[in-house]
Protein chains: 4
Amino acid sequence: MDATQDIECKNLTLSMKLMGEHIINMSHELDVTGPKKMIEDIMGADNIFLMGAGRSGLVGKAFAMRLMHLGYSVYVVGESTTPAVKENDVVIAISGSGETRSVADLGKIAKDIGSTLVTVTSNEDSTLGNLSDTVVEVPGRTKTQSGEYLERHMRGEYDYLTPLGTSFEISTMVFMDAVIAELIHITGTSEAELKSRHTTLE
Amino acid sequence: MDATQDIECKNLTLSMKLMGEHIINMSHELDVTGPKKMIEDIMGADNIFLMGAGRSGLVGKAFAMRLMHLGYSVYVVGESTTPAVKENDVVIAISGSGETRSVADLGKIAKDIGSTLVTVTSNEDSTLGNLSDTVVEVPGRTKTQSGEYLERHMRGEYDYLTPLGTSFEISTMVFMDAVIAELIHITGTSEAELKSRHTTLE
Amino acid sequence: MDATQDIECKNLTLSMKLMGEHIINMSHELDVTGPKKMIEDIMGADNIFLMGAGRSGLVGKAFAMRLMHLGYSVYVVGESTTPAVKENDVVIAISGSGETRSVADLGKIAKDIGSTLVTVTSNEDSTLGNLSDTVVEVPGRTKTQSGEYLERHMRGEYDYLTPLGTSFEISTMVFMDAVIAELIHITGTSEAELKSRHTTLE
Amino acid sequence: MDATQDIECKNLTLSMKLMGEHIINMSHELDVTGPKKMIEDIMGADNIFLMGAGRSGLVGKAFAMRLMHLGYSVYVVGESTTPAVKENDVVIAISGSGETRSVADLGKIAKDIGSTLVTVTSNEDSTLGNLSDTVVEVPGRTKTQSGEYLERHMRGEYDYLTPLGTSFEISTMVFMDAVIAELIHITGTSEAELKSRHTTLE
């Protein structure tokens, strides 16, 4: 396989380095107003719902798993036994563009029901951003991509194929895990306690 | 909610910063022997299969989506229409410990069938590591967690709740996206070409 | 638990008997024009895509699994590695009311792309029915339920909770498995051949 | 396409008729001892967990959706936010052969934890059958298929491709929906009440 004879993985390691630098920059520049409000929303909610399309949906699931481990009542929109949303619930949308149509449509319903809507996005001034009670802006994709995720997917209009280091989904996953770290700190739960608590659940 | 009055998000931003530093270190220290072999395996495969449990499974899905966008024939083990694995296929396992039982069991089958097994893990010297044709070691979780993922999940023995900055899943997602960047470089596909190609598919 | 002291399971067995009678009636009254066309569509397609919301989506997955076993190139809309739809592809929608908004929206895209749209529904005269190249009418739910599945789900407007024997999803699953039986007959594949073919794939 | 010129759909309608007759026979011959116990288990549980592989897993999800609609606390094993199983919970396994390895392994854990294990199977005298507190025997597949579902899937050893009318999955879906009918009867909930209750949840 000649094409691969000369693989030097320079783009690979460069891409990782740029992503790391992007995350460090993000840690310095993050406006914590949104995250603080988001943490309060989570701690005050009866139930928490995560939603997102494509890779953003996977990041939502990864965060939902962690919240469940911490003892929160949390669901992913679209999974089999996810219940109806009620007034005292919090719905967290993840959308790089803030314009993903199916997610924005559900965001409107969430507001209509009276629940609290939180959006994590790169584009604060967007349909989801303007609709939300709480917005967290994660720097990343600057290009606005509107429309329905599955529609674009069906048409082959795939997401921005970031070759070098500024993936919205990775930035968001780092932010979401950092929210978990903060929640553990606030509730004073040591890792040892967490592990022992879980073990004694059996 | 008094507990949240004083949220300063210091753990949140610190956690992000540590994760960024962890990724930059990883970019410097990564042994590219495994990644080079992994890229050759992917480029030479008839079909590529991703597998992993829990959050590692989500990272596998995120990578599989990108490979599909690049035009590869790729599947996620456990989804509805994933076909049987054959001799000229590559199976990529993601497991922090290298010991996740259900994944290791399927790894044995993959080898038995004669396909190429690639493992991305923090623990090269593990059941999956020792079984594999190609191993990529991603630094992260040092603790060995053996056993079946769903079993541990059912028992409430949740994954290591990383409070500060060394999540295996995030490191692996960064590495996997960097593999995509390298593949785009090798095949000489510009982003503009990728987007135009996809748009004309309609 | 007093309430359960007197469980006689009369409703349980009656419900099963009514469902069986409903299926036998359906086998007598089915207009085979749509099913014949659907089978031709499947046999002539480059790729087949299944889509549906909630329980209809599960029935679509169950059918997609069988088609994959028979050797067709088949995908479920919304799974990780499902590719873009193209002109020579067939998209099969499952919707009791024919009005499920997210599915109807995707049906319009499928027509726009130039692919063949097949709808399995209880309501031929519906958005999806009127949009489709091929319609199969499966008797069942007579009530029209319009709107977006996840929207109604989020609001707690659950599907018609059929207590007695006319579930659209079960009728459709029986019909879909019968399509598989017909495909096996047409292609002259004996079950023994199927099993041996699959075994030698290893 | 010559092969399809003569499609008469005789196998299609015959297959549906046989499935209907199979279900009617099942309604007459069902031993209600297991179903009665299963209904008591469900009504007395803190949480209910469904599990199954492949098409049986889809049937479990369809049942879990209905239980959620009725107000039960119910989860599907393997979905993102499914919590740990505890002593007062009920775990319902669906397995035609009663030998699906991954499901049987989890069944052992469920018993180990002290929860109640219910199995719906065609093969009462099987690993899962012998392990369970409650067994429901649904007639269907007589062939014993042992081993791990994903393993067999990866090898291309697909499930018995029932061409003519005795699908375990359909029989089980009919039985499960009949359990819902019985639960609605026992709890005295009219369909009108159910719908109004759900509507007022908003």
# chains A, B, ... in the order shown; residues from 1 in each chain; ligands from 1
>>> select_by_dssp(residues="range 34-146 of chain D", states="helix (DSSP H, G or I)", output="mmCIF file with all heavy atoms, in the first residue's frame")
data_model
loop_
_atom_site.group_PDB
_atom_site.id
_atom_site.type_symbol
_atom_site.label_atom_id
_atom_site.label_comp_id
_atom_site.auth_asym_id
_atom_site.auth_seq_id
_atom_site.Cartn_x
_atom_site.Cartn_y
_atom_site.Cartn_z
ATOM 1 N N GLY D 34 -47.477 -18.414 34.869
ATOM 2 C CA GLY D 34 -46.333 -17.503 34.694
ATOM 3 C C GLY D 34 -46.778 -16.067 34.492
ATOM 4 O O GLY D 34 -46.307 -15.159 35.195
ATOM 5 N N PRO D 35 -47.681 -15.798 33.542
ATOM 6 C CA PRO D 35 -48.145 -14.424 33.324
ATOM 7 C C PRO D 35 -48.727 -13.769 34.575
ATOM 8 O O PRO D 35 -48.476 -12.582 34.839
ATOM 9 C CB PRO D 35 -49.214 -14.596 32.238
ATOM 10 C CG PRO D 35 -48.747 -15.786 31.451
ATOM 11 C CD PRO D 35 -48.133 -16.710 32.472
ATOM 12 N N LYS D 36 -49.533 -14.545 35.382
ATOM 13 C CA LYS D 36 -50.077 -13.972 36.619
ATOM 14 C C LYS D 36 -48.966 -13.533 37.555
ATOM 15 O O LYS D 36 -48.998 -12.456 38.138
ATOM 16 C CB LYS D 36 -50.974 -14.997 37.336
ATOM 17 C CG LYS D 36 -52.339 -15.153 36.724
ATOM 18 C CD LYS D 36 -53.147 -16.247 37.400
ATOM 19 C CE LYS D 36 -53.576 -15.870 38.824
ATOM 20 N NZ LYS D 36 -54.613 -16.835 39.314
ATOM 21 N N LYS D 37 -47.974 -14.413 37.707
ATOM 22 C CA LYS D 37 -46.828 -14.105 38.576
ATOM 23 C C LYS D 37 -46.054 -12.895 38.027
ATOM 24 O O LYS D 37 -45.637 -12.005 38.796
ATOM 25 C CB LYS D 37 -45.937 -15.346 38.658
ATOM 26 C CG LYS D 37 -44.718 -15.224 39.542
ATOM 27 C CD LYS D 37 -45.056 -15.121 41.015
ATOM 28 C CE LYS D 37 -43.821 -15.224 41.885
ATOM 29 N NZ LYS D 37 -42.639 -14.481 41.400
ATOM 30 N N MET D 38 -45.906 -12.863 36.699
ATOM 31 C CA MET D 38 -45.178 -11.752 36.070
ATOM 32 C C MET D 38 -45.891 -10.424 36.341
ATOM 33 O O MET D 38 -45.244 -9.409 36.640
ATOM 34 C CB MET D 38 -45.092 -11.997 34.564
ATOM 35 C CG MET D 38 -44.469 -10.864 33.755
ATOM 36 S SD MET D 38 -44.507 -11.286 31.964
ATOM 37 C CE MET D 38 -43.890 -9.725 31.275
ATOM 38 N N ILE D 39 -47.217 -10.419 36.250
ATOM 39 C CA ILE D 39 -47.995 -9.194 36.498
ATOM 40 C C ILE D 39 -47.854 -8.755 37.961
ATOM 41 O O ILE D 39 -47.682 -7.570 38.260
ATOM 42 C CB ILE D 39 -49.471 -9.399 36.082
ATOM 43 C CG1 ILE D 39 -49.553 -9.451 34.547
ATOM 44 C CG2 ILE D 39 -50.373 -8.312 36.653
ATOM 45 C CD1 ILE D 39 -50.890 -9.932 33.997
ATOM 46 N N GLU D 40 -47.902 -9.745 38.890
ATOM 47 C CA GLU D 40 -47.670 -9.412 40.300
ATOM 48 C C GLU D 40 -46.274 -8.832 40.518
ATOM 49 O O GLU D 40 -46.091 -7.866 41.258
ATOM 50 C CB GLU D 40 -47.852 -10.657 41.180
ATOM 51 C CG GLU D 40 -49.305 -11.106 41.295
ATOM 52 C CD GLU D 40 -49.433 -12.486 41.941
ATOM 53 O OE1 GLU D 40 -48.410 -13.005 42.435
ATOM 54 O OE2 GLU D 40 -50.541 -13.036 41.932
ATOM 55 N N ASP D 41 -45.284 -9.451 39.850
ATOM 56 C CA ASP D 41 -43.902 -8.955 39.976
ATOM 57 C C ASP D 41 -43.818 -7.497 39.528
ATOM 58 O O ASP D 41 -43.207 -6.659 40.198
ATOM 59 C CB ASP D 41 -42.944 -9.805 39.117
ATOM 60 C CG ASP D 41 -42.776 -11.228 39.631
ATOM 61 O OD1 ASP D 41 -43.036 -11.472 40.827
ATOM 62 O OD2 ASP D 41 -42.397 -12.103 38.830
ATOM 63 N N ILE D 42 -44.427 -7.212 38.373
ATOM 64 C CA ILE D 42 -44.380 -5.848 37.826
ATOM 65 C C ILE D 42 -45.048 -4.862 38.777
ATOM 66 O O ILE D 42 -44.514 -3.783 39.071
ATOM 67 C CB ILE D 42 -45.057 -5.805 36.429
ATOM 68 C CG1 ILE D 42 -44.182 -6.515 35.397
ATOM 69 C CG2 ILE D 42 -45.360 -4.377 35.999
ATOM 70 C CD1 ILE D 42 -44.846 -6.712 34.038
ATOM 71 N N MET D 43 -46.247 -5.248 39.293
ATOM 72 C CA MET D 43 -46.994 -4.329 40.143
ATOM 73 C C MET D 43 -46.315 -4.084 41.486
ATOM 74 O O MET D 43 -46.538 -3.047 42.121
ATOM 75 C CB MET D 43 -48.424 -4.824 40.334
ATOM 76 C CG MET D 43 -49.211 -4.801 39.021
ATOM 77 S SD MET D 43 -50.918 -5.419 39.194
ATOM 78 C CE MET D 43 -51.662 -4.062 40.111
ATOM 79 N N GLY D 44 -45.470 -5.033 41.914
ATOM 80 C CA GLY D 44 -44.806 -4.887 43.205
ATOM 81 C C GLY D 44 -43.389 -4.340 43.125
ATOM 82 O O GLY D 44 -42.733 -4.163 44.155
ATOM 83 N N GLY D 54 -30.894 -8.342 19.938
ATOM 84 C CA GLY D 54 -31.458 -8.319 18.588
ATOM 85 C C GLY D 54 -32.940 -7.997 18.581
ATOM 86 O O GLY D 54 -33.391 -7.065 19.250
ATOM 87 N N ARG D 55 -33.730 -8.769 17.823
ATOM 88 C CA ARG D 55 -35.158 -8.495 17.699
ATOM 89 C C ARG D 55 -35.879 -8.657 19.037
ATOM 90 O O ARG D 55 -36.840 -7.942 19.315
ATOM 91 C CB ARG D 55 -35.782 -9.378 16.611
ATOM 92 C CG ARG D 55 -35.408 -8.882 15.206
ATOM 93 C CD ARG D 55 -35.741 -9.875 14.093
ATOM 94 N NE ARG D 55 -37.071 -10.390 14.109
ATOM 95 C CZ ARG D 55 -38.028 -10.117 13.197
ATOM 96 N NH1 ARG D 55 -37.771 -9.305 12.180
ATOM 97 N NH2 ARG D 55 -39.206 -10.672 13.280
ATOM 98 N N SER D 56 -35.420 -9.554 19.887
ATOM 99 C CA SER D 56 -36.026 -9.681 21.217
ATOM 100 C C SER D 56 -35.800 -8.411 22.034
ATOM 101 O O SER D 56 -36.660 -8.004 22.823
ATOM 102 C CB SER D 56 -35.429 -10.878 21.974
ATOM 103 O OG SER D 56 -35.840 -12.085 21.377
ATOM 104 N N GLY D 57 -34.665 -7.787 21.834
ATOM 105 C CA GLY D 57 -34.388 -6.519 22.507
ATOM 106 C C GLY D 57 -35.353 -5.430 22.056
ATOM 107 O O GLY D 57 -35.817 -4.615 22.861
ATOM 108 N N LEU D 58 -35.690 -5.420 20.761
ATOM 109 C CA LEU D 58 -36.653 -4.437 20.248
ATOM 110 C C LEU D 58 -38.034 -4.651 20.865
ATOM 111 O O LEU D 58 -38.731 -3.690 21.205
ATOM 112 C CB LEU D 58 -36.743 -4.533 18.716
ATOM 113 C CG LEU D 58 -35.453 -4.221 17.940
ATOM 114 C CD1 LEU D 58 -35.639 -4.508 16.452
ATOM 115 C CD2 LEU D 58 -35.015 -2.779 18.147
ATOM 116 N N VAL D 59 -38.430 -5.914 21.038
ATOM 117 C CA VAL D 59 -39.719 -6.216 21.669
ATOM 118 C C VAL D 59 -39.713 -5.747 23.126
ATOM 119 O O VAL D 59 -40.713 -5.197 23.618
ATOM 120 C CB VAL D 59 -40.025 -7.731 21.566
ATOM 121 C CG1 VAL D 59 -41.231 -8.110 22.414
ATOM 122 C CG2 VAL D 59 -40.253 -8.122 20.103
ATOM 123 N N GLY D 60 -38.588 -5.925 23.786
ATOM 124 C CA GLY D 60 -38.465 -5.428 25.162
ATOM 125 C C GLY D 60 -38.631 -3.912 25.229
ATOM 126 O O GLY D 60 -39.316 -3.390 26.117
ATOM 127 N N LYS D 61 -38.040 -3.204 24.279
ATOM 128 C CA LYS D 61 -38.186 -1.746 24.243
ATOM 129 C C LYS D 61 -39.637 -1.344 24.007
ATOM 130 O O LYS D 61 -40.137 -0.389 24.621
ATOM 131 C CB LYS D 61 -37.315 -1.153 23.126
ATOM 132 C CG LYS D 61 -35.840 -1.149 23.451
ATOM 133 C CD LYS D 61 -35.022 -0.463 22.343
ATOM 134 C CE LYS D 61 -33.547 -0.411 22.742
ATOM 135 N NZ LYS D 61 -32.708 0.220 21.699
ATOM 136 N N ALA D 62 -40.324 -2.046 23.104
ATOM 137 C CA ALA D 62 -41.725 -1.728 22.804
ATOM 138 C C ALA D 62 -42.591 -1.903 24.054
ATOM 139 O O ALA D 62 -43.515 -1.119 24.310
ATOM 140 C CB ALA D 62 -42.234 -2.606 21.652
ATOM 141 N N PHE D 63 -42.304 -2.932 24.851
ATOM 142 C CA PHE D 63 -43.028 -3.176 26.091
ATOM 143 C C PHE D 63 -42.679 -2.112 27.133
ATOM 144 O O PHE D 63 -43.562 -1.574 27.828
ATOM 145 C CB PHE D 63 -42.681 -4.577 26.616
ATOM 146 C CG PHE D 63 -43.400 -4.981 27.879
ATOM 147 C CD1 PHE D 63 -44.795 -5.050 27.924
ATOM 148 C CD2 PHE D 63 -42.684 -5.324 29.019
ATOM 149 C CE1 PHE D 63 -45.457 -5.453 29.084
ATOM 150 C CE2 PHE D 63 -43.330 -5.734 30.176
ATOM 151 C CZ PHE D 63 -44.720 -5.790 30.216
ATOM 152 N N ALA D 64 -41.402 -1.788 27.229
ATOM 153 C CA ALA D 64 -40.952 -0.769 28.198
ATOM 154 C C ALA D 64 -41.635 0.572 27.932
ATOM 155 O O ALA D 64 -42.040 1.271 28.871
ATOM 156 C CB ALA D 64 -39.425 -0.631 28.141
ATOM 157 N N MET D 65 -41.792 0.927 26.643
ATOM 158 C CA MET D 65 -42.475 2.185 26.303
ATOM 159 C C MET D 65 -43.890 2.201 26.877
ATOM 160 O O MET D 65 -44.328 3.193 27.460
ATOM 161 C CB MET D 65 -42.572 2.346 24.781
ATOM 162 C CG MET D 65 -41.280 2.784 24.116
ATOM 163 S SD MET D 65 -41.581 3.142 22.333
ATOM 164 C CE MET D 65 -39.867 3.103 21.756
ATOM 165 N N ARG D 66 -44.608 1.100 26.693
ATOM 166 C CA ARG D 66 -45.983 1.010 27.197
ATOM 167 C C ARG D 66 -46.034 1.103 28.716
ATOM 168 O O ARG D 66 -46.906 1.785 29.279
ATOM 169 C CB ARG D 66 -46.624 -0.323 26.774
ATOM 170 C CG ARG D 66 -47.004 -0.406 25.323
ATOM 171 C CD ARG D 66 -48.309 0.354 25.067
ATOM 172 N NE ARG D 66 -48.863 0.037 23.783
ATOM 173 C CZ ARG D 66 -48.909 0.876 22.745
ATOM 174 N NH1 ARG D 66 -48.409 2.093 22.847
ATOM 175 N NH2 ARG D 66 -49.449 0.511 21.606
ATOM 176 N N LEU D 67 -45.116 0.395 29.410
ATOM 177 C CA LEU D 67 -45.098 0.458 30.878
ATOM 178 C C LEU D 67 -44.847 1.886 31.346
ATOM 179 O O LEU D 67 -45.459 2.353 32.306
ATOM 180 C CB LEU D 67 -44.011 -0.468 31.448
ATOM 181 C CG LEU D 67 -44.295 -1.967 31.430
ATOM 182 C CD1 LEU D 67 -43.110 -2.719 32.045
ATOM 183 C CD2 LEU D 67 -45.579 -2.325 32.192
ATOM 184 N N MET D 68 -43.967 2.585 30.645
ATOM 185 C CA MET D 68 -43.692 3.992 30.989
ATOM 186 C C MET D 68 -44.972 4.814 30.825
ATOM 187 O O MET D 68 -45.300 5.645 31.677
ATOM 188 C CB MET D 68 -42.554 4.510 30.111
ATOM 189 C CG MET D 68 -42.111 5.925 30.407
ATOM 190 S SD MET D 68 -43.065 7.132 29.448
ATOM 191 C CE MET D 68 -42.401 6.833 27.813
ATOM 192 N N HIS D 69 -45.713 4.575 29.746
ATOM 193 C CA HIS D 69 -46.976 5.291 29.528
ATOM 194 C C HIS D 69 -47.957 5.056 30.675
ATOM 195 O O HIS D 69 -48.735 5.933 31.031
ATOM 196 C CB HIS D 69 -47.634 4.836 28.217
ATOM 197 C CG HIS D 69 -46.860 5.210 26.988
ATOM 198 N ND1 HIS D 69 -47.099 4.631 25.755
ATOM 199 C CD2 HIS D 69 -45.853 6.086 26.795
ATOM 200 C CE1 HIS D 69 -46.270 5.157 24.869
ATOM 201 N NE2 HIS D 69 -45.507 6.038 25.462
ATOM 202 N N ARG D 101 -26.227 -15.813 25.567
ATOM 203 C CA ARG D 101 -25.239 -15.753 26.643
ATOM 204 C C ARG D 101 -25.175 -14.421 27.363
ATOM 205 O O ARG D 101 -25.160 -14.385 28.598
ATOM 206 C CB ARG D 101 -23.853 -16.141 26.142
ATOM 207 C CG ARG D 101 -22.944 -16.461 27.312
ATOM 208 C CD ARG D 101 -21.740 -17.261 26.910
ATOM 209 N NE ARG D 101 -20.756 -16.411 26.240
ATOM 210 C CZ ARG D 101 -19.840 -16.872 25.402
ATOM 211 N NH1 ARG D 101 -19.805 -18.159 25.097
ATOM 212 N NH2 ARG D 101 -18.963 -16.060 24.864
ATOM 213 N N SER D 102 -25.133 -13.319 26.625
ATOM 214 C CA SER D 102 -25.008 -12.024 27.297
ATOM 215 C C SER D 102 -26.202 -11.783 28.220
ATOM 216 O O SER D 102 -26.063 -11.245 29.317
ATOM 217 C CB SER D 102 -24.881 -10.887 26.282
ATOM 218 O OG SER D 102 -26.021 -10.849 25.446
ATOM 219 N N VAL D 103 -27.393 -12.190 27.760
ATOM 220 C CA VAL D 103 -28.599 -11.989 28.561
ATOM 221 C C VAL D 103 -28.588 -12.916 29.780
ATOM 222 O O VAL D 103 -28.935 -12.508 30.900
ATOM 223 C CB VAL D 103 -29.866 -12.205 27.695
ATOM 224 C CG1 VAL D 103 -31.129 -12.012 28.526
ATOM 225 C CG2 VAL D 103 -29.865 -11.263 26.493
ATOM 226 N N ALA D 104 -28.160 -14.157 29.582
ATOM 227 C CA ALA D 104 -28.093 -15.102 30.704
ATOM 228 C C ALA D 104 -27.073 -14.636 31.742
ATOM 229 O O ALA D 104 -27.312 -14.740 32.956
ATOM 230 C CB ALA D 104 -27.748 -16.502 30.207
ATOM 231 N N ASP D 105 -25.934 -14.098 31.276
ATOM 232 C CA ASP D 105 -24.919 -13.576 32.214
ATOM 233 C C ASP D 105 -25.505 -12.463 33.079
ATOM 234 O O ASP D 105 -25.290 -12.428 34.290
ATOM 235 C CB ASP D 105 -23.703 -13.030 31.434
ATOM 236 C CG ASP D 105 -22.807 -14.144 30.894
ATOM 237 O OD1 ASP D 105 -23.020 -15.311 31.266
ATOM 238 O OD2 ASP D 105 -21.909 -13.839 30.098
ATOM 239 N N LEU D 106 -26.252 -11.552 32.433
ATOM 240 C CA LEU D 106 -26.874 -10.460 33.186
ATOM 241 C C LEU D 106 -27.971 -10.998 34.103
ATOM 242 O O LEU D 106 -28.187 -10.466 35.194
ATOM 243 C CB LEU D 106 -27.427 -9.398 32.238
ATOM 244 C CG LEU D 106 -26.361 -8.646 31.412
ATOM 245 C CD1 LEU D 106 -27.025 -7.732 30.381
ATOM 246 C CD2 LEU D 106 -25.443 -7.834 32.317
ATOM 247 N N GLY D 107 -28.647 -12.042 33.669
ATOM 248 C CA GLY D 107 -29.661 -12.674 34.519
ATOM 249 C C GLY D 107 -29.043 -13.182 35.817
ATOM 250 O O GLY D 107 -29.626 -13.028 36.908
ATOM 251 N N LYS D 108 -27.847 -13.766 35.715
ATOM 252 C CA LYS D 108 -27.157 -14.256 36.923
ATOM 253 C C LYS D 108 -26.829 -13.089 37.861
ATOM 254 O O LYS D 108 -26.990 -13.202 39.075
ATOM 255 C CB LYS D 108 -25.858 -14.989 36.523
ATOM 256 C CG LYS D 108 -26.113 -16.406 36.033
ATOM 257 C CD LYS D 108 -24.865 -17.021 35.398
ATOM 258 C CE LYS D 108 -25.283 -18.128 34.409
ATOM 259 N NZ LYS D 108 -24.273 -18.355 33.355
ATOM 260 N N ILE D 109 -26.374 -11.984 37.290
ATOM 261 C CA ILE D 109 -26.078 -10.800 38.119
ATOM 262 C C ILE D 109 -27.356 -10.309 38.806
ATOM 263 O O ILE D 109 -27.342 -9.974 39.994
ATOM 264 C CB ILE D 109 -25.521 -9.639 37.260
ATOM 265 C CG1 ILE D 109 -24.366 -10.091 36.397
ATOM 266 C CG2 ILE D 109 -25.129 -8.455 38.144
ATOM 267 C CD1 ILE D 109 -23.168 -10.549 37.116
ATOM 268 N N ALA D 110 -28.453 -10.290 38.067
ATOM 269 C CA ALA D 110 -29.727 -9.834 38.631
ATOM 270 C C ALA D 110 -30.102 -10.686 39.843
ATOM 271 O O ALA D 110 -30.532 -10.167 40.886
ATOM 272 C CB ALA D 110 -30.824 -9.880 37.566
ATOM 273 N N LYS D 111 -29.930 -12.005 39.728
ATOM 274 C CA LYS D 111 -30.233 -12.904 40.850
ATOM 275 C C LYS D 111 -29.261 -12.672 42.001
ATOM 276 O O LYS D 111 -29.639 -12.692 43.175
ATOM 277 C CB LYS D 111 -30.136 -14.365 40.386
ATOM 278 C CG LYS D 111 -31.273 -14.832 39.504
ATOM 279 C CD LYS D 111 -32.628 -14.729 40.178
ATOM 280 C CE LYS D 111 -32.663 -15.541 41.487
ATOM 281 N NZ LYS D 111 -33.924 -15.254 42.219
ATOM 282 N N ASP D 112 -28.004 -12.463 41.662
ATOM 283 C CA ASP D 112 -26.950 -12.232 42.634
ATOM 284 C C ASP D 112 -27.254 -10.986 43.470
ATOM 285 O O ASP D 112 -27.022 -10.946 44.687
ATOM 286 C CB ASP D 112 -25.648 -12.040 41.835
ATOM 287 C CG ASP D 112 -24.411 -12.247 42.666
ATOM 288 O OD1 ASP D 112 -24.476 -13.042 43.616
ATOM 289 O OD2 ASP D 112 -23.391 -11.608 42.360
ATOM 290 N N ILE D 113 -27.764 -9.957 42.826
ATOM 291 C CA ILE D 113 -28.118 -8.701 43.485
ATOM 292 C C ILE D 113 -29.329 -8.889 44.403
ATOM 293 O O ILE D 113 -29.522 -8.148 45.356
ATOM 294 C CB ILE D 113 -28.411 -7.606 42.412
ATOM 295 C CG1 ILE D 113 -27.117 -7.158 41.726
ATOM 296 C CG2 ILE D 113 -29.155 -6.420 43.004
ATOM 297 C CD1 ILE D 113 -27.328 -6.329 40.450
ATOM 298 N N THR D 127 -31.002 -22.203 30.440
ATOM 299 C CA THR D 127 -30.214 -21.485 31.446
ATOM 300 C C THR D 127 -31.036 -20.377 32.095
ATOM 301 O O THR D 127 -31.131 -20.299 33.326
ATOM 302 C CB THR D 127 -28.942 -20.883 30.798
ATOM 303 O OG1 THR D 127 -28.212 -21.950 30.180
ATOM 304 C CG2 THR D 127 -28.073 -20.180 31.824
ATOM 305 N N LEU D 128 -31.648 -19.525 31.269
ATOM 306 C CA LEU D 128 -32.437 -18.430 31.831
ATOM 307 C C LEU D 128 -33.686 -18.955 32.524
ATOM 308 O O LEU D 128 -34.065 -18.448 33.592
ATOM 309 C CB LEU D 128 -32.818 -17.429 30.738
ATOM 310 C CG LEU D 128 -31.773 -16.342 30.474
ATOM 311 C CD1 LEU D 128 -32.006 -15.687 29.118
ATOM 312 C CD2 LEU D 128 -31.810 -15.280 31.573
ATOM 313 N N GLY D 129 -34.341 -19.952 31.924
ATOM 314 C CA GLY D 129 -35.548 -20.516 32.529
ATOM 315 C C GLY D 129 -35.263 -21.062 33.923
ATOM 316 O O GLY D 129 -36.006 -20.797 34.877
ATOM 317 N N ASN D 130 -34.169 -21.803 34.044
ATOM 318 C CA ASN D 130 -33.847 -22.434 35.324
ATOM 319 C C ASN D 130 -33.397 -21.429 36.380
ATOM 320 O O ASN D 130 -33.495 -21.688 37.577
ATOM 321 C CB ASN D 130 -32.774 -23.511 35.118
ATOM 322 C CG ASN D 130 -33.316 -24.669 34.298
ATOM 323 O OD1 ASN D 130 -34.495 -25.039 34.410
ATOM 324 N ND2 ASN D 130 -32.480 -25.229 33.428
ATOM 325 N N LEU D 131 -32.900 -20.312 35.933
ATOM 326 C CA LEU D 131 -32.371 -19.281 36.813
ATOM 327 C C LEU D 131 -33.472 -18.375 37.367
ATOM 328 O O LEU D 131 -33.303 -17.724 38.404
ATOM 329 C CB LEU D 131 -31.427 -18.435 35.950
ATOM 330 C CG LEU D 131 -30.374 -17.547 36.542
ATOM 331 C CD1 LEU D 131 -29.375 -18.375 37.336
ATOM 332 C CD2 LEU D 131 -29.632 -16.841 35.384
#
>>> interface_residues(of="chain B", to="chain D", cutoff="7 Å", atoms="only C-alpha atoms", output="PDB file with C-alpha atoms, in the first residue's frame")
ATOM      1  CA  GLY B  78     -24.818  -3.716  17.980  1.00  0.00           C
ATOM      2  CA  ALA B  84     -21.213 -10.224   9.782  1.00  0.00           C
ATOM      3  CA  VAL B  85     -17.461  -9.621  10.053  1.00  0.00           C
ATOM      4  CA  LEU B 106     -16.036 -10.108  20.618  1.00  0.00           C
ATOM      5  CA  ILE B 109     -14.321 -13.822  17.720  1.00  0.00           C
ATOM      6  CA  LEU B 150     -23.237  -4.066  31.518  1.00  0.00           C
ATOM      7  CA  GLU B 151     -22.604  -6.327  34.501  1.00  0.00           C
ATOM      8  CA  HIS B 153     -23.333  -1.139  35.276  1.00  0.00           C
ATOM      9  CA  MET B 154     -26.128  -3.339  36.566  1.00  0.00           C
ATOM     10  CA  ARG B 155     -24.300  -3.609  39.892  1.00  0.00           C
ATOM     11  CA  GLY B 156     -23.761   0.143  40.090  1.00  0.00           C
TER      12      GLY B 156
END
>>> atom_distance(atom1="CA of His22 in chain C", atom2="CA of Ile186 in chain C")
26.6 Å
>>> atom_distance(atom1="CA of Thr121 in chain B", atom2="CA of Pro139 in chain B")
8.0 Å
>>> atom_distance(atom1="CA of Gly114 in chain A", atom2="CA of Gly52 in chain A")
19.8 Å
>>> select_by_dssp(residues="range 21-200 of chain D", states="strand (DSSP E or B)", output="number ranges by chain")
D: 48-52, 74-76, 90-94, 100, 116-121, 134-137, 147
>>> residues_around(residues="Ser171 in chain B", least_positions_apart="2", cutoff="8 Å", atoms="only C-alpha atoms", output="ChimeraX atom specification")
/B:23,138-140,166-169,173-175
>>> residues_around(residues="Met16 in chain C", least_positions_apart="2", cutoff="12 Å", atoms="only C-alpha atoms", output="PyMOL selection string")
(chain C and resi 9-14+18-23+163-167+170) or (chain D and resi 20-30+138+170-182)
